[in-house]
file structure.txt (compact mmCIF, C-alpha atoms and all ligand atoms)
# COMPACT_ATOMS: atom_id res chain seq x y z
CA MET W 1 158.93 85.49 54.70
CA THR W 2 157.60 88.30 52.48
CA SER W 3 159.14 88.27 48.97
CA ALA W 4 162.24 90.43 49.03
CA PRO W 5 161.90 93.95 47.64
CA ASN W 6 165.14 95.54 46.43
CA LEU W 7 165.99 98.24 49.00
CA THR W 8 169.58 98.81 47.87
CA GLY W 9 170.63 102.43 48.18
CA ARG W 10 167.50 103.54 50.07
CA HIS W 11 167.49 106.13 52.87
CA LEU W 12 165.64 105.52 56.15
CA LEU W 13 164.69 109.02 57.28
CA LYS W 14 161.23 108.12 58.54
CA GLU W 15 158.91 105.11 58.41
CA LEU W 16 156.94 106.48 55.46
CA ASP W 17 160.02 106.36 53.23
CA PHE W 18 158.99 102.70 52.91
CA SER W 19 155.77 101.06 51.77
CA PRO W 20 153.97 98.87 54.32
CA ALA W 21 155.20 95.77 52.44
CA GLU W 22 158.82 97.01 52.53
CA TRP W 23 158.51 97.85 56.23
CA LEU W 24 157.22 94.36 56.98
CA TYR W 25 160.04 92.90 54.92
CA LEU W 26 162.63 94.65 57.14
CA VAL W 27 161.05 93.01 60.20
CA ASP W 28 161.08 89.63 58.44
CA LEU W 29 164.72 90.09 57.43
CA ALA W 30 165.68 91.03 61.00
CA GLU W 31 163.99 87.88 62.27
CA GLN W 32 165.97 85.83 59.75
CA LEU W 33 169.25 87.54 60.63
CA LYS W 34 168.60 87.03 64.34
CA ALA W 35 167.96 83.32 63.75
CA GLU W 36 171.17 83.08 61.70
CA ARG W 37 173.11 84.76 64.50
CA ARG W 38 171.60 82.44 67.11
CA SER W 39 172.39 79.31 65.11
CA GLY W 40 175.95 80.38 64.33
CA SER W 41 175.28 80.49 60.59
CA GLU W 42 175.47 84.25 60.02
CA GLU W 43 176.95 85.24 56.67
CA ARG W 44 179.03 88.41 56.39
CA ARG W 45 177.32 90.44 53.68
CA LEU W 46 178.98 93.81 54.33
CA VAL W 47 182.69 92.98 54.15
CA GLY W 48 184.65 96.02 52.98
CA LYS W 49 181.84 98.50 53.74
CA ALA W 50 182.11 101.42 56.15
CA VAL W 51 179.36 103.32 57.98
CA ALA W 52 179.71 106.78 59.59
CA LEU W 53 177.74 107.26 62.81
CA ILE W 54 176.97 110.89 63.63
CA PHE W 55 175.57 111.46 67.11
CA GLU W 56 174.68 115.03 68.07
CA LYS W 57 172.67 113.61 70.99
CA THR W 58 173.70 110.89 73.42
CA SER W 59 172.94 107.21 72.88
CA THR W 60 173.57 103.79 74.36
CA ARG W 61 171.42 101.40 72.31
CA THR W 62 171.40 103.00 68.89
CA ARG W 63 175.14 103.51 68.74
CA ALA W 64 175.86 100.06 70.13
CA ALA W 65 173.37 98.47 67.75
CA PHE W 66 174.93 100.07 64.67
CA GLU W 67 178.46 99.22 65.76
CA VAL W 68 177.74 95.61 66.67
CA ALA W 69 175.47 94.93 63.70
CA ALA W 70 178.10 96.30 61.32
CA ALA W 71 180.86 94.31 63.01
CA HIS W 72 178.88 91.06 62.73
CA GLN W 73 178.44 91.69 59.02
CA GLY W 74 182.06 92.65 58.39
CA ALA W 75 181.61 96.43 58.02
CA ALA W 76 183.66 99.13 59.77
CA THR W 77 182.12 102.07 61.65
CA THR W 78 183.35 105.50 62.74
CA TYR W 79 181.65 107.34 65.61
CA LEU W 80 181.53 111.12 65.16
CA ASP W 81 180.14 113.59 67.67
CA PRO W 82 180.12 117.39 67.74
CA SER W 83 182.95 117.59 70.26
CA GLY W 84 185.30 115.47 68.17
CA SER W 85 184.42 116.62 64.64
CA GLN W 86 183.82 119.78 62.62
CA ILE W 87 180.14 118.96 62.10
CA GLY W 88 177.82 121.88 62.66
CA HIS W 89 180.21 124.43 64.12
CA LYS W 90 182.92 124.58 61.43
CA GLU W 91 181.41 122.64 58.56
CA SER W 92 177.89 122.74 57.14
CA ILE W 93 175.71 119.66 56.82
CA PRO W 94 175.84 119.64 52.98
CA ASP W 95 179.65 119.82 53.05
CA THR W 96 179.84 117.14 55.75
CA ALA W 97 177.52 114.94 53.68
CA ALA W 98 179.66 115.33 50.56
CA VAL W 99 182.87 114.52 52.47
CA LEU W 100 181.51 111.50 54.34
CA GLY W 101 179.62 110.28 51.28
CA GLY W 102 182.94 110.06 49.46
CA MET W 103 184.45 107.75 52.06
CA TYR W 104 181.58 105.82 53.59
CA ASP W 105 178.94 103.52 52.16
CA ALA W 106 176.24 104.86 54.51
CA ILE W 107 175.73 107.49 57.21
CA GLU W 108 173.66 107.32 60.40
CA TYR W 109 172.56 110.59 62.00
CA ARG W 110 171.05 111.38 65.42
CA GLY W 111 170.21 114.96 66.35
CA ASP W 112 167.42 117.46 66.85
CA HIS W 113 166.13 118.35 63.44
CA GLN W 114 164.54 116.20 60.77
CA ALA W 115 165.69 118.81 58.24
CA THR W 116 169.32 117.97 59.09
CA VAL W 117 169.02 114.26 58.35
CA GLU W 118 167.10 115.13 55.17
CA SER W 119 169.86 117.52 54.11
CA LEU W 120 172.47 114.82 54.71
CA ALA W 121 170.45 112.45 52.54
CA GLU W 122 170.17 115.03 49.79
CA HIS W 123 173.92 115.64 49.61
CA ALA W 124 175.60 112.37 50.68
CA GLY W 125 175.04 110.17 47.63
CA VAL W 126 174.89 107.14 49.96
CA PRO W 127 172.08 105.79 52.17
CA VAL W 128 171.36 107.89 55.27
CA TYR W 129 169.62 106.47 58.35
CA ASN W 130 167.75 108.45 60.99
CA GLY W 131 168.99 107.28 64.40
CA LEU W 132 166.46 109.65 66.08
CA THR W 133 165.38 113.22 65.51
CA ASP W 134 162.77 115.20 67.40
CA ASP W 135 160.23 114.05 64.79
CA TRP W 136 160.91 110.36 64.16
CA HIS W 137 162.67 107.29 65.59
CA PRO W 138 162.24 104.74 62.79
CA THR W 139 164.94 102.20 63.71
CA GLN W 140 163.30 101.87 67.13
CA MET W 141 160.02 100.93 65.47
CA LEU W 142 161.51 97.97 63.64
CA ALA W 143 162.83 96.61 66.94
CA ASP W 144 159.43 97.16 68.56
CA ALA W 145 157.70 95.30 65.74
CA LEU W 146 160.06 92.32 65.96
CA THR W 147 159.59 92.23 69.75
CA ILE W 148 155.80 92.28 69.41
CA ARG W 149 155.91 89.45 66.90
CA GLU W 150 158.16 87.34 69.13
CA HIS W 151 156.08 87.80 72.27
CA THR W 152 152.51 87.81 70.98
CA GLY W 153 152.96 85.19 68.28
CA LYS W 154 150.15 86.99 66.40
CA PRO W 155 150.12 88.45 62.89
CA PHE W 156 150.44 92.23 63.17
CA GLY W 157 146.89 92.67 61.88
CA GLU W 158 145.59 90.97 65.05
CA VAL W 159 147.74 92.97 67.50
CA THR W 160 146.44 95.79 69.70
CA HIS W 161 149.19 98.22 70.67
CA ALA W 162 148.59 101.03 73.17
CA TYR W 163 151.02 103.91 73.75
CA LEU W 164 150.75 106.01 76.91
CA GLY W 165 152.53 109.32 77.43
CA ASP W 166 153.78 112.25 75.39
CA ALA W 167 152.83 111.33 71.83
CA ARG W 168 153.92 114.64 70.29
CA PHE W 169 157.56 113.55 70.12
CA ASN W 170 159.61 111.06 68.08
CA THR W 171 158.58 107.78 69.73
CA GLY W 172 154.85 108.47 69.96
CA ARG W 173 154.65 109.80 66.40
CA SER W 174 156.70 106.94 64.98
CA LEU W 175 154.78 104.33 66.95
CA LEU W 176 151.48 105.59 65.54
CA VAL W 177 152.72 105.53 61.95
CA SER W 178 154.64 102.24 62.17
CA SER W 179 151.74 100.44 63.89
CA ALA W 180 149.41 101.75 61.17
CA MET W 181 151.80 100.51 58.46
CA LEU W 182 151.76 97.06 60.06
CA GLY W 183 147.95 96.99 60.25
CA MET W 184 147.63 97.03 64.05
CA ASP W 185 144.84 98.32 66.28
CA VAL W 186 146.84 101.26 67.64
CA ARG W 187 145.73 103.42 70.56
CA ILE W 188 147.38 106.68 71.53
CA VAL W 189 146.47 107.29 75.17
CA ALA W 190 147.36 110.77 76.40
CA PRO W 191 145.89 114.12 77.39
CA GLN W 192 144.51 115.69 74.21
CA SER W 193 147.23 118.32 74.15
CA TYR W 194 149.82 115.48 74.03
CA PHE W 195 148.34 113.76 70.96
CA PRO W 196 150.57 113.66 67.84
CA PRO W 197 150.16 116.65 65.50
CA GLN W 198 147.21 116.55 63.11
CA ASP W 199 149.35 116.02 60.00
CA VAL W 200 150.91 112.90 61.56
CA VAL W 201 147.48 111.55 62.52
CA GLU W 202 146.30 112.15 58.97
CA GLN W 203 149.29 110.31 57.51
CA ALA W 204 148.61 107.38 59.84
CA GLU W 205 144.93 107.37 58.88
CA ARG W 206 145.80 107.35 55.20
CA ILE W 207 148.07 104.32 55.74
CA ALA W 208 145.46 102.63 57.93
CA ALA W 209 142.94 102.82 55.09
CA GLU W 210 145.42 100.81 53.04
CA THR W 211 146.54 98.28 55.68
CA GLY W 212 143.34 97.75 57.68
CA ALA W 213 144.87 99.29 60.81
CA ARG W 214 142.54 100.89 63.35
CA ILE W 215 143.53 104.16 65.02
CA THR W 216 142.19 105.52 68.29
CA LEU W 217 143.29 108.65 70.11
CA THR W 218 141.89 108.80 73.62
CA SER W 219 142.53 110.36 77.02
CA ASP W 220 140.72 107.50 78.76
CA VAL W 221 143.37 105.08 80.04
CA ALA W 222 141.05 102.16 80.78
CA ALA W 223 139.37 102.34 77.36
CA GLY W 224 142.72 102.90 75.62
CA VAL W 225 144.42 99.81 77.01
CA ALA W 226 141.40 97.45 77.00
CA GLY W 227 142.36 94.32 75.07
CA ALA W 228 145.95 95.48 74.50
CA ASP W 229 148.59 92.92 73.57
CA ALA W 230 151.38 95.47 74.04
CA ILE W 231 151.55 98.61 76.18
CA SER W 232 154.36 101.03 75.35
CA THR W 233 155.56 104.24 76.88
CA ASP W 234 158.54 106.63 76.64
CA VAL W 235 160.27 109.18 78.84
CA TRP W 236 158.14 112.20 79.69
CA VAL W 237 160.92 114.65 78.88
CA SER W 238 162.97 114.00 75.76
CA MET W 239 166.57 114.80 74.93
CA GLY W 240 167.03 118.46 74.09
CA GLU W 241 164.11 119.65 76.24
CA LYS W 242 164.71 122.04 79.13
CA LYS W 243 164.64 120.86 82.76
CA GLU W 244 161.91 123.43 83.40
CA VAL W 245 159.33 121.32 81.57
CA TRP W 246 159.48 118.51 84.16
CA ALA W 247 156.91 120.03 86.53
CA GLU W 248 154.31 120.57 83.82
CA ARG W 249 155.00 117.15 82.28
CA ILE W 250 154.52 115.34 85.59
CA GLU W 251 151.33 117.23 86.27
CA GLN W 252 149.94 116.36 82.83
CA LEU W 253 151.14 112.76 82.56
CA ARG W 254 150.93 111.48 86.14
CA ASP W 255 147.68 109.66 85.33
CA TYR W 256 149.30 107.99 82.32
CA GLN W 257 152.05 106.22 84.26
CA VAL W 258 152.11 102.51 83.38
CA ASP W 259 151.48 100.77 86.69
CA ALA W 260 150.08 97.37 87.66
CA GLY W 261 146.53 98.76 87.39
CA VAL W 262 147.12 99.84 83.80
CA MET W 263 148.56 96.43 82.89
CA ALA W 264 145.56 94.73 84.55
CA ALA W 265 143.16 97.02 82.66
CA ALA W 266 144.38 95.41 79.42
CA GLY W 267 142.36 92.37 80.54
CA ASN W 268 144.98 90.19 78.87
CA ASP W 269 147.32 88.08 81.02
CA ARG W 270 149.77 87.93 78.14
CA ALA W 271 149.97 91.72 77.60
CA ILE W 272 153.58 92.87 77.37
CA PHE W 273 155.16 96.08 78.64
CA MET W 274 157.51 97.85 76.20
CA HIS W 275 159.79 100.88 76.46
CA CYS W 276 162.44 102.13 74.04
CA LEU W 277 164.66 102.95 77.06
CA PRO W 278 166.26 104.62 78.93
CA ALA W 279 163.43 104.55 81.52
CA PHE W 280 162.82 106.33 84.82
CA HIS W 281 161.44 103.49 86.92
CA ASP W 282 163.45 103.90 90.13
CA LEU W 283 165.93 106.22 91.85
CA GLY W 284 168.92 104.64 90.15
CA THR W 285 169.65 107.68 87.98
CA GLN W 286 170.55 111.30 88.76
CA VAL W 287 167.54 112.53 86.81
CA GLY W 288 165.32 110.11 88.69
CA ARG W 289 166.61 111.44 92.03
CA ASP W 290 166.27 115.09 90.93
CA VAL W 291 162.69 114.50 89.85
CA PHE W 292 161.96 112.69 93.11
CA GLU W 293 163.06 115.85 94.96
CA LEU W 294 160.71 117.89 92.79
CA SER W 295 157.67 115.63 92.76
CA GLY W 296 158.01 112.88 95.37
CA MET W 297 157.50 110.31 92.58
CA ASP W 298 159.98 107.44 92.81
CA ALA W 299 159.10 106.32 89.29
CA LEU W 300 157.79 108.27 86.33
CA GLU W 301 156.44 106.82 83.09
CA VAL W 302 156.50 103.25 84.47
CA THR W 303 156.58 101.84 87.99
CA ASP W 304 159.49 99.69 89.04
CA GLU W 305 157.01 96.87 89.66
CA VAL W 306 155.89 96.79 86.02
CA PHE W 307 159.38 97.44 84.66
CA ARG W 308 160.72 94.40 86.53
CA SER W 309 157.65 92.20 86.04
CA SER W 310 157.46 89.12 83.87
CA SER W 311 155.32 91.16 81.43
CA SER W 312 158.22 93.48 80.73
CA VAL W 313 160.14 92.72 77.53
CA VAL W 314 162.29 95.85 77.51
CA PHE W 315 165.70 94.20 77.47
CA GLY W 316 164.83 91.83 74.64
CA GLN W 317 163.40 94.87 72.85
CA ALA W 318 166.76 96.62 73.34
CA GLU W 319 168.63 93.62 71.91
CA ASN W 320 166.32 93.71 68.91
CA ARG W 321 167.65 97.18 68.08
CA MET W 322 170.79 95.39 66.90
CA HIS W 323 169.06 92.71 64.82
CA THR W 324 166.73 95.22 63.15
CA ILE W 325 169.43 97.80 62.45
CA LYS W 326 171.42 94.94 60.94
CA ALA W 327 168.45 94.30 58.63
CA VAL W 328 168.45 97.95 57.55
CA LEU W 329 172.19 97.83 56.81
CA VAL W 330 171.99 94.54 54.94
CA ALA W 331 168.90 95.51 52.93
CA THR W 332 170.19 98.91 51.87
CA LEU W 333 173.87 98.02 51.37
CA ALA W 334 173.87 94.38 50.30
CA GLY W 335 170.47 94.15 48.61
CA ALA W 336 169.35 91.18 50.74
N1 LIG K 401 166.05 103.68 72.54
C1 LIG K 401 167.14 104.38 72.16
O1 LIG K 401 167.19 105.00 71.09
O2 LIG K 401 168.16 104.33 73.04
P1 LIG K 401 169.49 105.20 73.00
O3 LIG K 401 169.09 106.64 73.22
O4 LIG K 401 170.34 104.66 74.12
O5 LIG K 401 170.15 105.04 71.65
N1 LIG K 402 161.72 110.50 73.24
C1 LIG K 402 163.02 110.10 73.70
C2 LIG K 402 163.43 108.82 73.06
C3 LIG K 402 164.76 108.28 73.53
C4 LIG K 402 165.17 107.02 72.84
C5 LIG K 402 164.01 111.21 73.42
O1 LIG K 402 163.96 111.82 72.34
O2 LIG K 402 164.84 111.50 74.29

call {"tool": "encode", "arguments": {"input": "structure.txt", "output": "structure tokens"}}
result
Amino acid sequence: MTSAPNLTGRHLLKELDFSPAEWLYLVDLAEQLKAERRSGSEERRLVGKAVALIFEKTSTRTRAAFEVAAAHQGAATTYLDPSGSQIGHKESIPDTAAVLGGMYDAIEYRGDHQATVESLAEHAGVPVYNGLTDDWHPTQMLADALTIREHTGKPFGEVTHAYLGDARFNTGRSLLVSSAMLGMDVRIVAPQSYFPPQDVVEQAERIAAETGARITLTSDVAAGVAGADAISTDVWVSMGEKKEVWAERIEQLRDYQVDAGVMAAAGNDRAIFMHCLPAFHDLGTQVGRDVFELSGMDALEVTDEVFRSSSSVVFGQAENRMHTIKAVLVATLAGA
């Protein structure tokens, strides 16, 4: 385990709020906390603490992970959404931050704008965590890193991680930066117009120079996934986007669907399939059925075959949201 940096009181607004060594430490701590949980020896480090969970967008995993992780550690949580609170419509973000900061030990925020979570952090006086904005999804990245470690058994510096799909949004951007922080060979595989913005690529390249990571942006699927240990994707249309973008997205990303051919092109029998979830891999959702009507595709970013294959680690990855969010809570509130 990496020697423990003191992260007490720190915000997690994006990956780059942490140094590569601190980021790795959070993964190490999550692994330790998961082992403690499994062996029945978990200590409660957050007794008497309370965490506010603000969700302006929907969530299954992130909300559940915060609530369960806090409960395991003895902390209370309160779920707040726009329909049941004054946030946004009757009370500004700075005022909300000041009020919640007076009662809670930390605040989680999920919504559209990075500026909102940054404003909360500026005015709350307690740690603020980004549970997803349009720009970044940092807690997801810790879970992805732990999952990669568990399944590849390799040091991060020897891992090749390919991401296929829309890399302009939270998951693609965060995956590029987090993988660079961990020293991976990271490949963004997408049409050029779906690459992350130039400033994000430059930040990742700056970190890569420090960590030894290698960064490739390519539109060539076969070259992008060759030698991959992990192949990740995300939904093609993110929360907050209009339904009208589906047609264009399908047209642009159809060739970047993760199917059995893509997994085989890794040339690595042990390559794993990863997805932050939720995923459109069958007709089991209303959106999936609506898009089938539009496009005739019965799966979008990943085929059902790959999603259900033995290479798919998506449900363990989802569980790791809880262990890694627990690490963030413990490190920032209990100084573990
Ligand atoms: N992966 C993820 O953030 O899932 P939720 O939207 O369900 O929280
Ligand atoms: N890019 C997706 C991630 C969901 C966890 C979205 O923002 O909807």

call {"tool": "residues_near_ligand", "arguments": {"input": "structure.txt", "ligand": "ligand LIG 401 (chain K)", "cutoff": "9 Å", "atoms": "all atoms listed in the file", "output": "list in words"}}
result
Lys57, Thr58, Ser59, Thr60, Arg61, Thr62, Arg63, Ala64, Ala65, Arg110, Gly131, Leu132, His137, Thr139, Gln140, Thr171, Met239, His275, Cys276, Leu277, Pro278, Ala318 and Arg321 of chain W

call {"tool": "write_last_selection", "arguments": {"input": "structure.txt", "atoms": "C-alpha atoms", "output": "PDB file, in the frame of the given file"}}
result
ATOM      1  CA  LYS W  57     172.670 113.610  70.990  1.00  0.00           C
ATOM      2  CA  THR W  58     173.700 110.890  73.420  1.00  0.00           C
ATOM      3  CA  SER W  59     172.940 107.210  72.880  1.00  0.00           C
ATOM      4  CA  THR W  60     173.570 103.790  74.360  1.00  0.00           C
ATOM      5  CA  ARG W  61     171.420 101.400  72.310  1.00  0.00           C
ATOM      6  CA  THR W  62     171.400 103.000  68.890  1.00  0.00           C
ATOM      7  CA  ARG W  63     175.140 103.510  68.740  1.00  0.00           C
ATOM      8  CA  ALA W  64     175.860 100.060  70.130  1.00  0.00           C
ATOM      9  CA  ALA W  65     173.370  98.470  67.750  1.00  0.00           C
ATOM     10  CA  ARG W 110     171.050 111.380  65.420  1.00  0.00           C
ATOM     11  CA  GLY W 131     168.990 107.280  64.400  1.00  0.00           C
ATOM     12  CA  LEU W 132     166.460 109.650  66.080  1.00  0.00           C
ATOM     13  CA  HIS W 137     162.670 107.290  65.590  1.00  0.00           C
ATOM     14  CA  THR W 139     164.940 102.200  63.710  1.00  0.00           C
ATOM     15  CA  GLN W 140     163.300 101.870  67.130  1.00  0.00           C
ATOM     16  CA  THR W 171     158.580 107.780  69.730  1.00  0.00           C
ATOM     17  CA  MET W 239     166.570 114.800  74.930  1.00  0.00           C
ATOM     18  CA  HIS W 275     159.790 100.880  76.460  1.00  0.00           C
ATOM     19  CA  CYS W 276     162.440 102.130  74.040  1.00  0.00           C
ATOM     20  CA  LEU W 277     164.660 102.950  77.060  1.00  0.00           C
ATOM     21  CA  PRO W 278     166.260 104.620  78.930  1.00  0.00           C
ATOM     22  CA  ALA W 318     166.760  96.620  73.340  1.00  0.00           C
ATOM     23  CA  ARG W 321     167.650  97.180  68.080  1.00  0.00           C
TER      24      ARG W 321
END

call {"tool": "closest_residue", "arguments": {"input": "structure.txt", "among": "W:Arg289, W:Arg149, W:Lys242, W:Lys49", "to": "ligand LIG 402 (chain K)", "atoms": "all atoms listed in the file"}}
result
W:Lys242

call {"tool": "closest_residue", "arguments": {"input": "structure.txt", "among": "W:Ala226, W:Ala265, W:Ala180, W:Val328", "to": "Arg10 in chain W", "atoms": "all atoms listed in the file"}}
result
W:Val328

call {"tool": "axis_aligned_box", "arguments": {"input": "structure.txt", "around": "range 307-326 of chain W", "padding_each_side": "5 Å", "output": "AutoDock Vina command-line options"}}
result
--center_x 163.4 --center_y 93.5 --center_z 73.7 --size_x 26.1 --size_y 18.7 --size_z 35.6

call {"tool": "atom_distance", "arguments": {"input": "structure.txt", "atom1": "CA of Thr216 in chain W", "atom2": "CA of Ala162 in chain W"}}
result
9.2 Å

call {"tool": "residues_around", "arguments": {"input": "structure.txt", "residues": "range 307-310 of chain W", "least_positions_apart": "5", "cutoff": "9 Å", "atoms": "only C-alpha atoms", "output": "PyMOL selection string"}}
result
chain W and resi 258-259+272-275+279+281+302

call {"tool": "atom_distance", "arguments": {"input": "structure.txt", "atom1": "CA of Pro94 in chain W", "atom2": "CA of Asp134 in chain W"}}
result
20.0 Å

call {"tool": "residues_around", "arguments": {"input": "structure.txt", "residues": "Thr8 in chain W", "least_positions_apart": "5", "cutoff": "9 Å", "atoms": "only C-alpha atoms", "output": "JSON, numbers by chain"}}
result
{"W": [127, 330, 331, 332, 333, 334, 335, 336]}

call {"tool": "residues_near_point", "arguments": {"input": "structure.txt", "point": "(184.3, 96.1, 60.9)", "cutoff": "9 Å", "atoms": "only C-alpha atoms", "output": "list in words"}}
result
Leu46, Val47, Gly48, Lys49, Ala50, Glu67, Val68, Ala70, Ala71, His72, Gln73, Gly74, Ala75, Ala76 and Thr77 of chain W

call {"tool": "closest_residue", "arguments": {"input": "structure.txt", "among": "W:Ile215, W:Val128, W:Ile54, W:Val177", "to": "Glu15 in chain W", "atoms": "all atoms listed in the file"}}
result
W:Val177

call {"tool": "closest_residue", "arguments": {"input": "structure.txt", "among": "W:Met263, W:Val159, W:Leu120, W:Ala167", "to": "ligand LIG 402 (chain K)", "atoms": "only C-alpha atoms and all ligand atoms"}}
result
W:Ala167

call {"tool": "residues_around", "arguments": {"input": "structure.txt", "residues": "Gly125 in chain W", "least_positions_apart": "6", "cutoff": "9 Å", "atoms": "all atoms listed in the file", "output": "PDB file with C-alpha atoms, keeping the file's coordinate frame"}}
result
ATOM      1  CA  GLY W   9     170.630 102.430  48.180  1.00  0.00           C
ATOM      2  CA  ALA W  97     177.520 114.940  53.680  1.00  0.00           C
ATOM      3  CA  ALA W  98     179.660 115.330  50.560  1.00  0.00           C
ATOM      4  CA  GLY W 101     179.620 110.280  51.280  1.00  0.00           C
ATOM      5  CA  GLY W 102     182.940 110.060  49.460  1.00  0.00           C
ATOM      6  CA  ASP W 105     178.940 103.520  52.160  1.00  0.00           C
ATOM      7  CA  ALA W 106     176.240 104.860  54.510  1.00  0.00           C
TER       8      ALA W 106
END

call {"tool": "residues_around", "arguments": {"input": "structure.txt", "residues": "Gln257 in chain W", "least_positions_apart": "5", "cutoff": "8 Å", "atoms": "only C-alpha atoms", "output": "JSON, numbers by chain"}}
result
{"W": [164, 165, 300, 301, 302, 303]}

call {"tool": "closest_residue", "arguments": {"input": "structure.txt", "among": "W:Leu33, W:Pro197, W:Leu142, W:Lys14", "to": "Asn130 in chain W", "atoms": "all atoms listed in the file"}}
result
W:Lys14

call {"tool": "atom_distance", "arguments": {"input": "structure.txt", "atom1": "CA of Gly157 in chain W", "atom2": "CA of Gly212 in chain W"}}
result
7.5 Å

call {"tool": "closest_residue", "arguments": {"input": "structure.txt", "among": "W:Ser238, W:Ser3, W:Ser92, W:Ser174", "to": "ligand LIG 402 (chain K)", "atoms": "only C-alpha atoms and all ligand atoms"}}
result
W:Ser238

call {"tool": "decode", "arguments": {"input": "structure.txt", "residues": "range 88-99 of chain W", "atoms": "N, CA and C atoms", "output": "compact mmCIF listing (two decimals), in the first residue's frame"}}
result
# COMPACT_ATOMS: atom_id res chain seq x y z
N GLY W 88 -31.61 25.69 -6.22
CA GLY W 88 -31.69 26.12 -7.62
C GLY W 88 -32.84 27.04 -7.91
N HIS W 89 -34.08 26.63 -7.54
CA HIS W 89 -35.21 27.49 -7.93
C HIS W 89 -35.49 28.59 -6.92
N LYS W 90 -35.36 28.26 -5.59
CA LYS W 90 -35.63 29.31 -4.59
C LYS W 90 -34.39 29.72 -3.80
N GLU W 91 -33.32 28.96 -3.93
CA GLU W 91 -32.13 29.29 -3.14
C GLU W 91 -30.89 29.08 -4.00
N SER W 92 -30.00 30.06 -3.96
CA SER W 92 -28.81 30.00 -4.82
C SER W 92 -27.86 28.90 -4.32
N ILE W 93 -26.90 28.57 -5.16
CA ILE W 93 -25.91 27.56 -4.78
C ILE W 93 -25.03 28.06 -3.62
N PRO W 94 -24.54 29.30 -3.65
CA PRO W 94 -23.74 29.76 -2.49
C PRO W 94 -24.53 29.71 -1.18
N ASP W 95 -25.79 30.11 -1.21
CA ASP W 95 -26.59 30.07 0.02
C ASP W 95 -26.82 28.63 0.46
N THR W 96 -27.13 27.76 -0.50
CA THR W 96 -27.32 26.34 -0.19
C THR W 96 -26.06 25.77 0.44
N ALA W 97 -24.91 26.11 -0.14
CA ALA W 97 -23.63 25.60 0.36
C ALA W 97 -23.41 26.04 1.81
N ALA W 98 -23.70 27.31 2.09
CA ALA W 98 -23.48 27.83 3.44
C ALA W 98 -24.40 27.13 4.44
N VAL W 99 -25.65 26.90 4.04
CA VAL W 99 -26.61 26.24 4.94
C VAL W 99 -26.19 24.79 5.18
